[in-house]
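Student: Please find entry-v3.txt (compact mmCIF, C-alpha atoms) on the next line:
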# COMPACT_ATOMS: atom_id res chain seq x y z
CA MET A 993 74.79 72.84 104.38
CA ARG A 994 72.48 72.78 107.38
CA GLU A 995 71.48 76.18 108.74
CA ALA A 996 73.01 75.34 112.12
CA ASP A 997 76.36 74.64 110.44
CA ARG A 998 76.13 77.87 108.41
CA ARG A 999 75.35 79.87 111.54
CA ARG A 1000 78.30 78.37 113.41
CA MET A 1001 80.60 79.04 110.44
CA ARG A 1002 79.39 82.64 110.11
CA ARG A 1003 80.00 83.34 113.79
CA THR A 1004 83.45 81.74 113.67
CA ARG A 1005 84.34 83.92 110.71
CA MET A 1006 83.11 87.09 112.41
CA VAL A 1007 85.47 86.46 115.32
CA ALA A 1008 88.36 85.60 112.96
CA LEU A 1009 87.74 88.76 110.91
CA GLY A 1010 88.00 90.94 113.99
CA LEU A 1011 84.31 91.87 113.86
CA THR A 1012 83.43 90.25 117.17
CA PRO A 1013 85.66 91.28 120.09
CA ALA A 1014 87.81 88.52 121.51
CA LEU A 1015 86.59 87.25 124.87
CA GLY A 1016 87.85 89.48 127.66
CA SER A 1017 89.04 92.26 125.33
CA ASP A 1018 88.00 95.89 125.42
CA GLY A 1019 89.19 99.23 124.09
CA ALA A 1020 90.78 100.19 120.79
CA VAL A 1021 93.59 98.30 119.09
CA SER A 1022 96.10 99.74 116.65
CA ALA A 1023 95.65 99.88 112.90
CA LEU A 1024 98.95 98.00 112.64
CA ALA A 1025 97.61 95.17 114.83
CA VAL A 1026 94.52 94.86 112.59
CA ALA A 1027 96.63 94.81 109.41
CA ARG A 1028 99.02 92.23 110.86
CA GLU A 1029 96.15 90.03 111.95
CA LEU A 1030 94.33 90.06 108.60
CA GLY A 1031 97.46 90.20 106.46
CA ALA A 1032 95.83 92.63 104.02
CA LEU A 1033 92.51 94.48 103.88
CA GLN A 1034 90.81 95.42 100.61
CA ALA A 1035 91.02 99.21 100.21
CA GLN A 1036 90.68 100.37 96.60
CA ASP A 1037 88.08 102.93 97.76
CA TYR A 1038 89.61 105.18 100.41
CA GLY A 1039 86.45 105.79 102.46
CA SER A 1040 85.64 102.10 102.47
CA GLY A 1041 89.21 101.15 103.33
CA VAL A 1042 89.60 103.41 106.34
CA TRP A 1043 86.27 102.20 107.77
CA SER A 1044 87.46 98.58 107.35
CA LEU A 1045 90.27 99.47 109.76
CA GLY A 1046 88.05 101.60 111.98
CA VAL A 1047 85.25 99.07 112.46
CA ARG A 1048 87.79 96.49 113.67
CA SER A 1049 90.00 98.72 115.78
CA GLY A 1050 87.67 101.21 117.47
CA LEU A 1051 89.89 103.99 116.12
CA THR A 1052 88.56 107.21 114.64
CA LEU A 1053 89.27 108.31 111.06
CA GLU A 1054 91.79 110.82 112.43
CA GLN A 1055 93.56 108.05 114.36
CA VAL A 1056 93.65 105.75 111.32
CA GLU A 1057 95.15 108.54 109.23
CA GLN A 1058 97.68 109.19 111.99
CA ALA A 1059 98.72 105.53 111.75
CA VAL A 1060 99.53 106.20 108.09
CA ILE A 1061 101.50 109.33 109.01
CA ASP A 1062 103.30 107.29 111.68
CA ARG A 1063 104.21 104.77 108.95
CA GLU A 1064 102.55 101.82 110.67
CA VAL A 1065 100.31 100.85 107.74
CA VAL A 1066 100.40 101.69 104.04
CA ARG A 1067 98.01 101.38 101.14
CA THR A 1068 99.46 99.66 98.08
CA TRP A 1069 98.96 96.96 95.40
CA PRO A 1070 100.22 93.68 96.96
CA MET A 1071 97.98 91.26 95.04
CA ARG A 1072 95.08 90.82 92.63
CA GLY A 1073 95.97 94.08 90.91
CA THR A 1074 94.06 96.09 93.50
CA ILE A 1075 94.77 98.24 96.55
CA HIS A 1076 95.01 96.90 100.11
CA TRP A 1077 96.07 98.07 103.55
CA VAL A 1078 99.13 96.14 104.71
CA PRO A 1079 101.61 96.55 107.56
CA ALA A 1080 104.25 98.99 106.35
CA GLU A 1081 107.00 96.52 107.22
CA ASP A 1082 105.43 93.92 104.90
CA ALA A 1083 104.60 96.11 101.89
CA ARG A 1084 107.76 95.52 99.87
CA TRP A 1085 108.06 91.74 100.22
CA MET A 1086 104.32 91.14 99.74
CA CYS A 1087 104.37 93.09 96.48
CA GLU A 1088 107.51 91.34 95.27
CA LEU A 1089 106.11 87.91 96.17
CA LEU A 1090 102.44 88.23 95.22
CA ALA A 1091 101.85 91.12 92.83
CA ALA A 1092 102.05 90.59 89.08
CA PRO A 1093 103.03 93.88 87.37
CA ARG A 1094 104.00 91.95 84.23
CA SER A 1095 100.83 89.89 83.96
CA THR A 1096 99.25 89.24 80.57
CA THR A 1097 96.17 91.26 81.55
CA LEU A 1098 98.22 94.31 82.47
CA ALA A 1099 100.43 93.94 79.40
CA THR A 1100 97.30 94.00 77.25
CA ARG A 1101 96.02 97.09 79.03
CA PHE A 1102 99.38 98.83 78.66
CA ALA A 1103 99.30 98.09 74.91
CA GLN A 1104 95.77 99.51 74.66
CA LEU A 1105 96.89 102.71 76.38
CA GLY A 1106 100.11 102.98 74.38
CA ILE A 1107 102.32 102.65 77.48
CA THR A 1108 105.73 101.50 76.27
CA GLU A 1109 108.59 99.78 78.07
CA ALA A 1110 110.47 103.07 77.77
CA ASP A 1111 107.62 104.81 79.64
CA VAL A 1112 107.81 102.22 82.41
CA GLU A 1113 111.58 102.54 82.76
CA LEU A 1114 111.57 106.36 82.63
CA SER A 1115 108.73 106.70 85.14
CA GLY A 1116 110.59 104.36 87.50
CA ARG A 1117 113.71 106.50 87.31
CA LEU A 1118 111.66 109.65 87.87
CA PHE A 1119 109.98 108.14 90.92
CA GLU A 1120 113.33 107.10 92.36
CA GLN A 1121 114.61 110.65 91.96
CA HIS A 1122 111.54 112.64 93.04
CA LEU A 1123 109.43 110.52 95.43
CA ARG A 1124 111.73 110.52 98.42
CA GLU A 1125 108.96 112.48 100.16
CA PRO A 1126 105.22 111.96 99.55
CA MET A 1127 103.96 113.60 96.35
CA SER A 1128 100.26 114.02 95.54
CA ARG A 1129 98.75 112.24 92.55
CA PRO A 1130 98.28 115.47 90.52
CA ASP A 1131 101.92 116.39 91.15
CA VAL A 1132 103.02 112.92 90.03
CA ALA A 1133 101.03 113.44 86.82
CA ALA A 1134 102.70 116.83 86.33
CA LEU A 1135 106.11 115.20 86.82
CA LEU A 1136 105.34 112.71 84.06
CA VAL A 1137 104.15 115.46 81.71
CA GLU A 1138 107.32 117.44 82.38
CA HIS A 1139 109.38 114.50 81.13
CA GLY A 1140 107.28 113.66 78.08
CA ILE A 1141 104.97 110.94 79.41
CA ASP A 1142 101.22 111.37 78.79
CA PRO A 1143 99.40 110.63 82.11
CA THR A 1144 95.84 110.86 80.74
CA ASP A 1145 93.33 108.01 80.18
CA GLN A 1146 94.52 106.18 83.31
CA ARG A 1147 98.17 106.04 82.20
CA ASN A 1148 99.13 107.80 85.42
CA TYR A 1149 97.18 105.22 87.46
CA HIS A 1150 98.70 102.24 85.66
CA LEU A 1151 102.28 103.51 85.79
CA ILE A 1152 102.02 104.25 89.51
CA GLY A 1153 100.31 100.89 90.09
CA HIS A 1154 103.07 99.07 88.20
CA HIS A 1155 105.78 100.55 90.39
CA CYS A 1156 103.75 99.87 93.54
CA MET A 1157 103.37 96.21 92.50
CA SER A 1158 107.10 95.97 91.87
CA GLY A 1159 107.81 97.12 95.44
CA LEU A 1160 109.34 100.49 94.51
CA VAL A 1161 106.53 102.84 95.61
CA CYS A 1162 103.60 102.83 98.05
CA GLN A 1163 100.95 105.34 99.04
CA GLY A 1164 101.78 107.88 101.70
CA PRO A 1165 99.36 110.07 103.70
CA VAL A 1166 96.54 111.98 102.06
CA ILE A 1167 97.60 115.44 100.86
CA GLY A 1168 94.53 117.67 100.84
CA LYS A 1169 92.01 115.25 99.42
CA GLN A 1170 94.48 113.51 97.11
CA PRO A 1171 96.42 110.27 97.67
CA SER A 1172 100.17 110.63 97.75
CA PHE A 1173 102.96 108.32 96.63
CA VAL A 1174 106.44 107.79 98.03
CA LEU A 1175 109.37 105.39 97.71
CA ILE A 1176 108.97 102.48 100.09
CA ASP A 1177 112.66 102.63 101.01
CA SER A 1178 112.30 106.32 101.97
CA TRP A 1179 108.98 106.01 103.80
CA VAL A 1180 109.03 102.67 105.62
CA PRO A 1181 111.39 102.65 108.62
CA HIS A 1182 112.01 98.90 108.37
CA SER A 1183 111.08 96.43 105.64
CA ARG A 1184 111.06 92.77 106.56
CA LYS A 1185 112.91 90.45 104.16
CA PRO A 1186 111.52 86.93 104.59
CA SER A 1187 112.55 84.14 102.26
CA ARG A 1188 110.06 83.02 99.61
CA GLU A 1189 108.98 80.10 101.81
CA GLU A 1190 108.68 82.27 104.93
CA GLY A 1191 106.62 84.80 102.98
CA LEU A 1192 104.24 82.19 101.57
CA ALA A 1193 103.78 80.61 105.00
CA THR A 1194 103.12 84.02 106.59
CA VAL A 1195 100.49 84.95 104.00
CA ALA A 1196 98.71 81.59 104.21
CA GLU A 1197 98.74 81.45 108.01
CA ARG A 1198 97.49 85.01 108.44
CA TYR A 1199 94.72 84.42 105.93
CA VAL A 1200 93.42 81.19 107.48
CA ARG A 1201 93.65 82.57 111.02
CA SER A 1202 91.82 85.78 110.12
CA HIS A 1203 89.23 84.42 107.64
CA GLY A 1204 88.60 80.81 108.61
CA PRO A 1205 86.80 78.56 108.07
CA VAL A 1206 87.96 78.76 104.44
CA THR A 1207 88.72 76.43 101.56
CA GLU A 1208 91.84 76.14 99.43
CA LYS A 1209 89.92 77.88 96.65
CA ASP A 1210 89.14 80.80 98.96
CA LEU A 1211 92.86 81.33 99.56
CA ALA A 1212 93.68 80.87 95.88
CA GLY A 1213 91.03 83.46 94.98
CA TRP A 1214 92.24 85.88 97.66
CA LEU A 1215 95.77 85.69 96.29
CA LEU A 1216 94.64 85.23 92.67
CA LYS A 1217 97.21 82.46 92.40
CA PRO A 1218 97.03 78.85 91.13
CA LEU A 1219 95.93 76.10 93.48
CA GLY A 1220 99.40 74.57 93.26
CA LEU A 1221 101.01 77.62 94.86
CA THR A 1222 98.18 77.83 97.38
CA ARG A 1223 98.73 74.23 98.47
CA GLU A 1224 102.47 74.82 98.72
CA ALA A 1225 101.84 77.79 100.99
CA LEU A 1226 99.44 75.83 103.20
CA ALA A 1227 101.89 72.93 103.44
CA LEU A 1228 104.53 75.35 104.72
CA VAL A 1229 102.23 76.25 107.63
CA GLY A 1230 102.13 72.58 108.61
CA ASP A 1231 100.06 71.39 111.56
CA ARG A 1232 98.96 74.92 112.50
CA ILE A 1233 96.20 74.45 109.91
CA VAL A 1234 93.25 72.32 111.06
CA ARG A 1235 91.21 70.53 108.38
CA ALA A 1236 87.62 69.39 108.81
CA GLU A 1237 85.15 67.80 106.37
CA LEU A 1238 81.64 69.16 106.03
CA ASP A 1239 79.22 68.39 103.21
CA GLY A 1240 82.00 66.94 101.08
CA GLN A 1241 84.16 70.07 101.42
CA THR A 1242 87.43 70.49 103.33
CA TRP A 1243 87.38 73.55 105.56
CA LEU A 1244 90.52 75.10 107.00
CA THR A 1245 90.85 76.87 110.35
CA HIS A 1246 93.84 77.84 112.46
CA VAL A 1247 94.87 75.85 115.50
CA ASP A 1248 94.73 79.09 117.52
CA ALA A 1249 91.28 80.15 116.27
CA ARG A 1250 89.63 82.34 118.90
CA PRO A 1251 86.54 81.09 120.75
CA VAL A 1252 83.10 82.25 119.62
CA PRO A 1253 81.11 84.14 122.28
CA ASP A 1254 77.72 82.79 123.32
CA GLY A 1255 74.53 84.69 122.72
CA PRO A 1256 72.98 86.38 119.69
CA GLY A 1257 75.32 87.78 117.07
CA ALA A 1258 75.78 91.51 116.68
CA VAL A 1259 74.76 94.00 113.98
CA HIS A 1260 77.39 95.67 111.80
CA LEU A 1261 77.40 98.33 109.10
CA LEU A 1262 80.30 97.20 106.92
CA PRO A 1263 81.95 99.07 104.04
CA GLN A 1264 81.30 98.04 100.47
CA TRP A 1265 84.66 96.40 99.80
CA ASP A 1266 85.30 94.68 103.10
CA GLU A 1267 87.14 91.42 103.70
CA PHE A 1268 83.85 90.07 105.06
CA LEU A 1269 82.75 89.49 101.45
CA LEU A 1270 85.78 90.25 99.27
CA GLY A 1271 87.98 87.89 101.27
CA TYR A 1272 86.29 84.73 99.93
CA LYS A 1273 85.94 83.03 96.57
CA SER A 1274 82.50 81.75 97.55
CA ARG A 1275 80.22 84.05 99.54
CA GLU A 1276 77.19 81.81 100.00
CA VAL A 1277 77.91 81.21 103.70
CA THR A 1278 77.34 84.89 104.50
CA LEU A 1279 75.46 86.28 101.48
CA PRO A 1280 72.33 84.29 100.56
CA PRO A 1281 72.32 83.79 96.75
CA GLU A 1282 68.81 85.23 96.44
CA HIS A 1283 70.13 88.57 97.74
CA PHE A 1284 73.34 88.72 95.70
CA VAL A 1285 71.98 91.07 93.03
CA ARG A 1286 70.72 93.46 95.73
CA VAL A 1287 74.28 93.79 97.02
CA VAL A 1288 76.00 93.71 93.61
CA PRO A 1289 73.35 95.19 91.27
CA GLY A 1290 75.61 95.22 88.23
CA ARG A 1291 77.07 91.76 88.95
CA ASN A 1292 80.39 93.51 88.39
CA MET A 1293 82.13 93.27 91.78
CA VAL A 1294 80.90 96.76 92.74
CA PHE A 1295 79.38 95.98 96.14
CA LYS A 1296 77.04 98.12 98.19
CA PRO A 1297 77.88 98.67 101.88
CA THR A 1298 76.20 95.89 103.84
CA LEU A 1299 74.02 95.56 106.90
CA VAL A 1300 75.22 92.38 108.60
CA VAL A 1301 73.14 90.66 111.30
CA ASP A 1302 74.68 87.71 113.14
CA GLY A 1303 77.27 87.24 110.40
CA GLU A 1304 74.80 87.24 107.49
CA VAL A 1305 74.17 90.02 104.97
CA SER A 1306 70.67 91.23 105.83
CA GLY A 1307 70.49 94.51 103.93
CA THR A 1308 72.43 97.42 102.52
CA TRP A 1309 73.11 100.97 103.62
CA ARG A 1310 74.50 104.21 102.31
CA ARG A 1311 75.98 107.37 103.72
CA VAL A 1312 74.41 110.75 102.88
CA GLN A 1313 76.52 113.70 104.00
CA ARG A 1314 74.80 116.71 105.49
CA SER A 1315 76.43 119.97 106.58
CA GLU A 1316 76.53 119.14 110.29
CA HIS A 1317 75.92 115.40 110.45
CA VAL A 1318 75.67 112.27 108.35
CA LEU A 1319 72.57 110.28 107.42
CA VAL A 1320 72.86 106.50 107.38
CA GLU A 1321 70.10 105.13 105.16
CA VAL A 1322 69.54 101.46 106.05
CA SER A 1323 67.64 99.14 103.70
CA PRO A 1324 67.03 95.72 105.30
CA PHE A 1325 65.97 92.80 103.15
CA ALA A 1326 63.21 91.96 105.65
CA ASP A 1327 61.58 93.54 108.68
CA LEU A 1328 63.89 93.97 111.68
CA SER A 1329 62.82 93.63 115.29
CA ALA A 1330 62.90 96.62 117.61
CA ARG A 1331 65.98 95.15 119.31
CA ARG A 1332 67.80 94.84 116.00
CA TRP A 1333 66.94 98.43 115.10
CA ARG A 1334 68.46 99.56 118.38
CA GLU A 1335 71.62 97.69 117.41
CA VAL A 1336 71.55 99.37 114.00
CA GLU A 1337 71.36 102.73 115.79
CA ALA A 1338 74.36 101.75 117.91
CA ALA A 1339 76.33 100.67 114.84
CA ALA A 1340 75.50 103.95 113.10
CA ALA A 1341 76.56 105.89 116.19
CA ALA A 1342 79.90 104.06 116.12
CA TYR A 1343 80.29 105.03 112.47
CA GLY A 1344 79.52 108.65 113.35
CA THR A 1345 82.13 108.55 116.12
CA PHE A 1346 84.63 107.22 113.59
CA LEU A 1347 83.88 110.13 111.25
CA GLY A 1348 83.83 112.66 114.09
CA THR A 1349 80.20 113.66 113.60
CA GLU A 1350 76.65 112.77 114.58
CA ALA A 1351 74.96 109.97 112.62
CA GLU A 1352 71.21 109.74 112.08
CA VAL A 1353 69.62 106.48 110.90
CA VAL A 1354 67.00 106.68 108.15
CA ARG A 1355 64.92 103.53 107.84
CA VAL A 1356 64.13 102.41 104.30
CA ALA A 1357 61.26 99.93 104.21
CA PRO A 1358 62.05 96.49 102.74
CA ALA A 1359 60.06 95.39 99.72
CA GLY A 1360 56.68 94.25 100.92
CA GLY A 1361 57.37 95.25 104.51
CA THR A 1362 57.65 98.21 106.88
CA ALA A 1363 60.75 99.61 108.47
Show me this structure written as structure tokens.
Tutor:
Amino acid sequence: MREADRRRMRRTRMVALGLTPALGSDGAVSALAVARELGALQAQDYGSGVWSLGVRSGLTLEQVEQAVIDREVVRTWPMRGTIHWVPAEDARWMCELLAAPRSTTLATRFAQLGITEADVELSGRLFEQHLREPMSRPDVAALLVEHGIDPTDQRNYHLIGHHCMSGLVCQGPVIGKQPSFVLIDSWVPHSRKPSREEGLATVAERYVRSHGPVTEKDLAGWLLKPLGLTREALALVGDRIVRAELDGQTWLTHVDARPVPDGPGAVHLLPQWDEFLLGYKSREVTLPPEHFVRVVPGRNMVFKPTLVVDGEVSGTWRRVQRSEHVLVEVSPFADLSARRWREVEAAAAAYGTFLGTEAEVVRVAPAGGTA
């Protein structure tokens, strides 16, 4: 792909992902609006997940957590066997439609841990009886122990995850520093009940609109579903999906894709498990292959937080907590201009505002260069 085409695609994606403000927009938007727009945001790590909402909304951490208390968004297991932010009203049907609590992989893991069908059924009954209000993870483990279920060696995690995937339970607000769990029917004020076809069309349309340009394989990977189901979902969206050929590949965008602003692209400090990278099967448009191992050192899907310049991964960063402020250590892959460093400072300041503290940038020199 020509560099000009890659640059245009990167910028289009940044707008779709909510990382470039829409033309004429200003001010914060709600966490619910962000979750509705993207459909789901990767959030297996709490700190990473809340910043994924914050960087798109302009909200502070306190405001994001208030959105959870207000039951606008919830954190649960709707697909791929991992945790995402979703609109509260969509949590149940997305889990029922897309999650796979009875998958072969999970069945194998349950067998390894000695989790029996009786354990699954009993834990479900216990959750129905006791999780009408949010209960912290340690208290859930104690509940299982009280009724003869061993929660150690990740059994607690897998039993809770199973019942989240089935649409029975979701996460509630943080209690102390612990996640909590609660019955969806008790916590969510209204759960939508689309038909299977309406649900598939909603998921596909939200994904293409908020991630495009994408391929069919990107959507299949995001859902972790076969291409046949992916194509069925896209067909249900009909002519609201626009197809274009480039370098022998069919790229999908939404008919209402937002315009891309003129001028140089911005600088972002994105969390380690953000839709910017995790939302795609192939990441070569935004992450140059020669830098992949610097972002994923173990080649094991454990990503470092990324410095993104004009829609391309251009370095990594990490947060170092101090007593009265936070350090943001930025490691670019190559020297940055003075203007770009000023934009890094602004991005770090925004992160500090999100956390409710001051943020200080520490420059880490790139290999063979100077910061």
Student: With all atoms listed in the file as the basis for distance, which of A:Arg1310, A:Arg1198, A:His1182, A:His1260 is at the shortest distance from His1246 (chain A)?
Tutor: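 For His1246 (chain A), the nearest of the given residues is A:Arg1198.
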Student: For the point (88.8, 80.6, 118.6) in file coordinates, what residues are within 12 Å, counting all atoms listed in the file? Give the answer as a list in words?
Tutor: Arg1000, Met1001, Arg1003, Thr1004, Arg1005, Met1006, Val1007, Ala1008, Leu1009, Gly1010, Thr1012, Pro1013, Ala1014, Leu1015, Arg1201, Ser1202, His1203, Gly1204, Pro1205, Thr1245, His1246, Val1247, Asp1248, Ala1249, Arg1250, Pro1251, Val1252 and Pro1253 of chain A
Student: Excluding Val1320 (chain A) and residues on its chain fewer than 3 positions from it, collect all residues at most 6 Å away from it, counting only C-alpha atoms, and give them as a ChimeraX atom specification.
Tutor: /A:1310-1311,1352-1354
Student: Have a look at CA of Pro1093 (chain A) and CA of Tyr1149 (chain A) and let me know their distance in Å, one decimal.
Tutor: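 Answer for the CA of Pro1093 (chain A) to CA of Tyr1149 (chain A) separation: 12.8 Å.
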Student: Near Glu995 (chain A), within 12 Å and counting all atoms listed in the file, which residues show up once chain neighbours fewer than 6 positions away are dropped, as a PDB file with C-alpha atoms, in the coordinates of the input?
Tutor:
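Result went into selection08.pdb, see below:
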ATOM      1  CA  MET A1001      80.600  79.040 110.440  1.00  0.00           C
ATOM      2  CA  ARG A1002      79.390  82.640 110.110  1.00  0.00           C
ATOM      3  CA  GLU A1276      77.190  81.810 100.000  1.00  0.00           C
ATOM      4  CA  VAL A1277      77.910  81.210 103.700  1.00  0.00           C
ATOM      5  CA  THR A1278      77.340  84.890 104.500  1.00  0.00           C
ATOM      6  CA  PRO A1280      72.330  84.290 100.560  1.00  0.00           C
ATOM      7  CA  GLU A1304      74.800  87.240 107.490  1.00  0.00           C
TER       8      GLU A1304
END
Student: Separation of CA of Met1127 (chain A) and CA of Ser1044 (chain A), in Å?
Tutor: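 Separation of CA of Met1127 (chain A) and CA of Ser1044 (chain A): 24.9 Å.
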Student: Would you mind listing what lies within 8 Å of Arg1147 (chain A) as a ChimeraX atom specification, with only C-alpha atoms counted and same-chain residues fewer than 5 positions away left out?
Tutor: /A:1105,1107,1142
Student: Between A:Asn1292, A:Ser1183, A:Ser1172, A:Thr1097, which is the closest to Glu1064 (chain A) once you count all atoms listed in the file?
Tutor: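 Closest residue, counting all atoms listed in the file: A:Ser1183.
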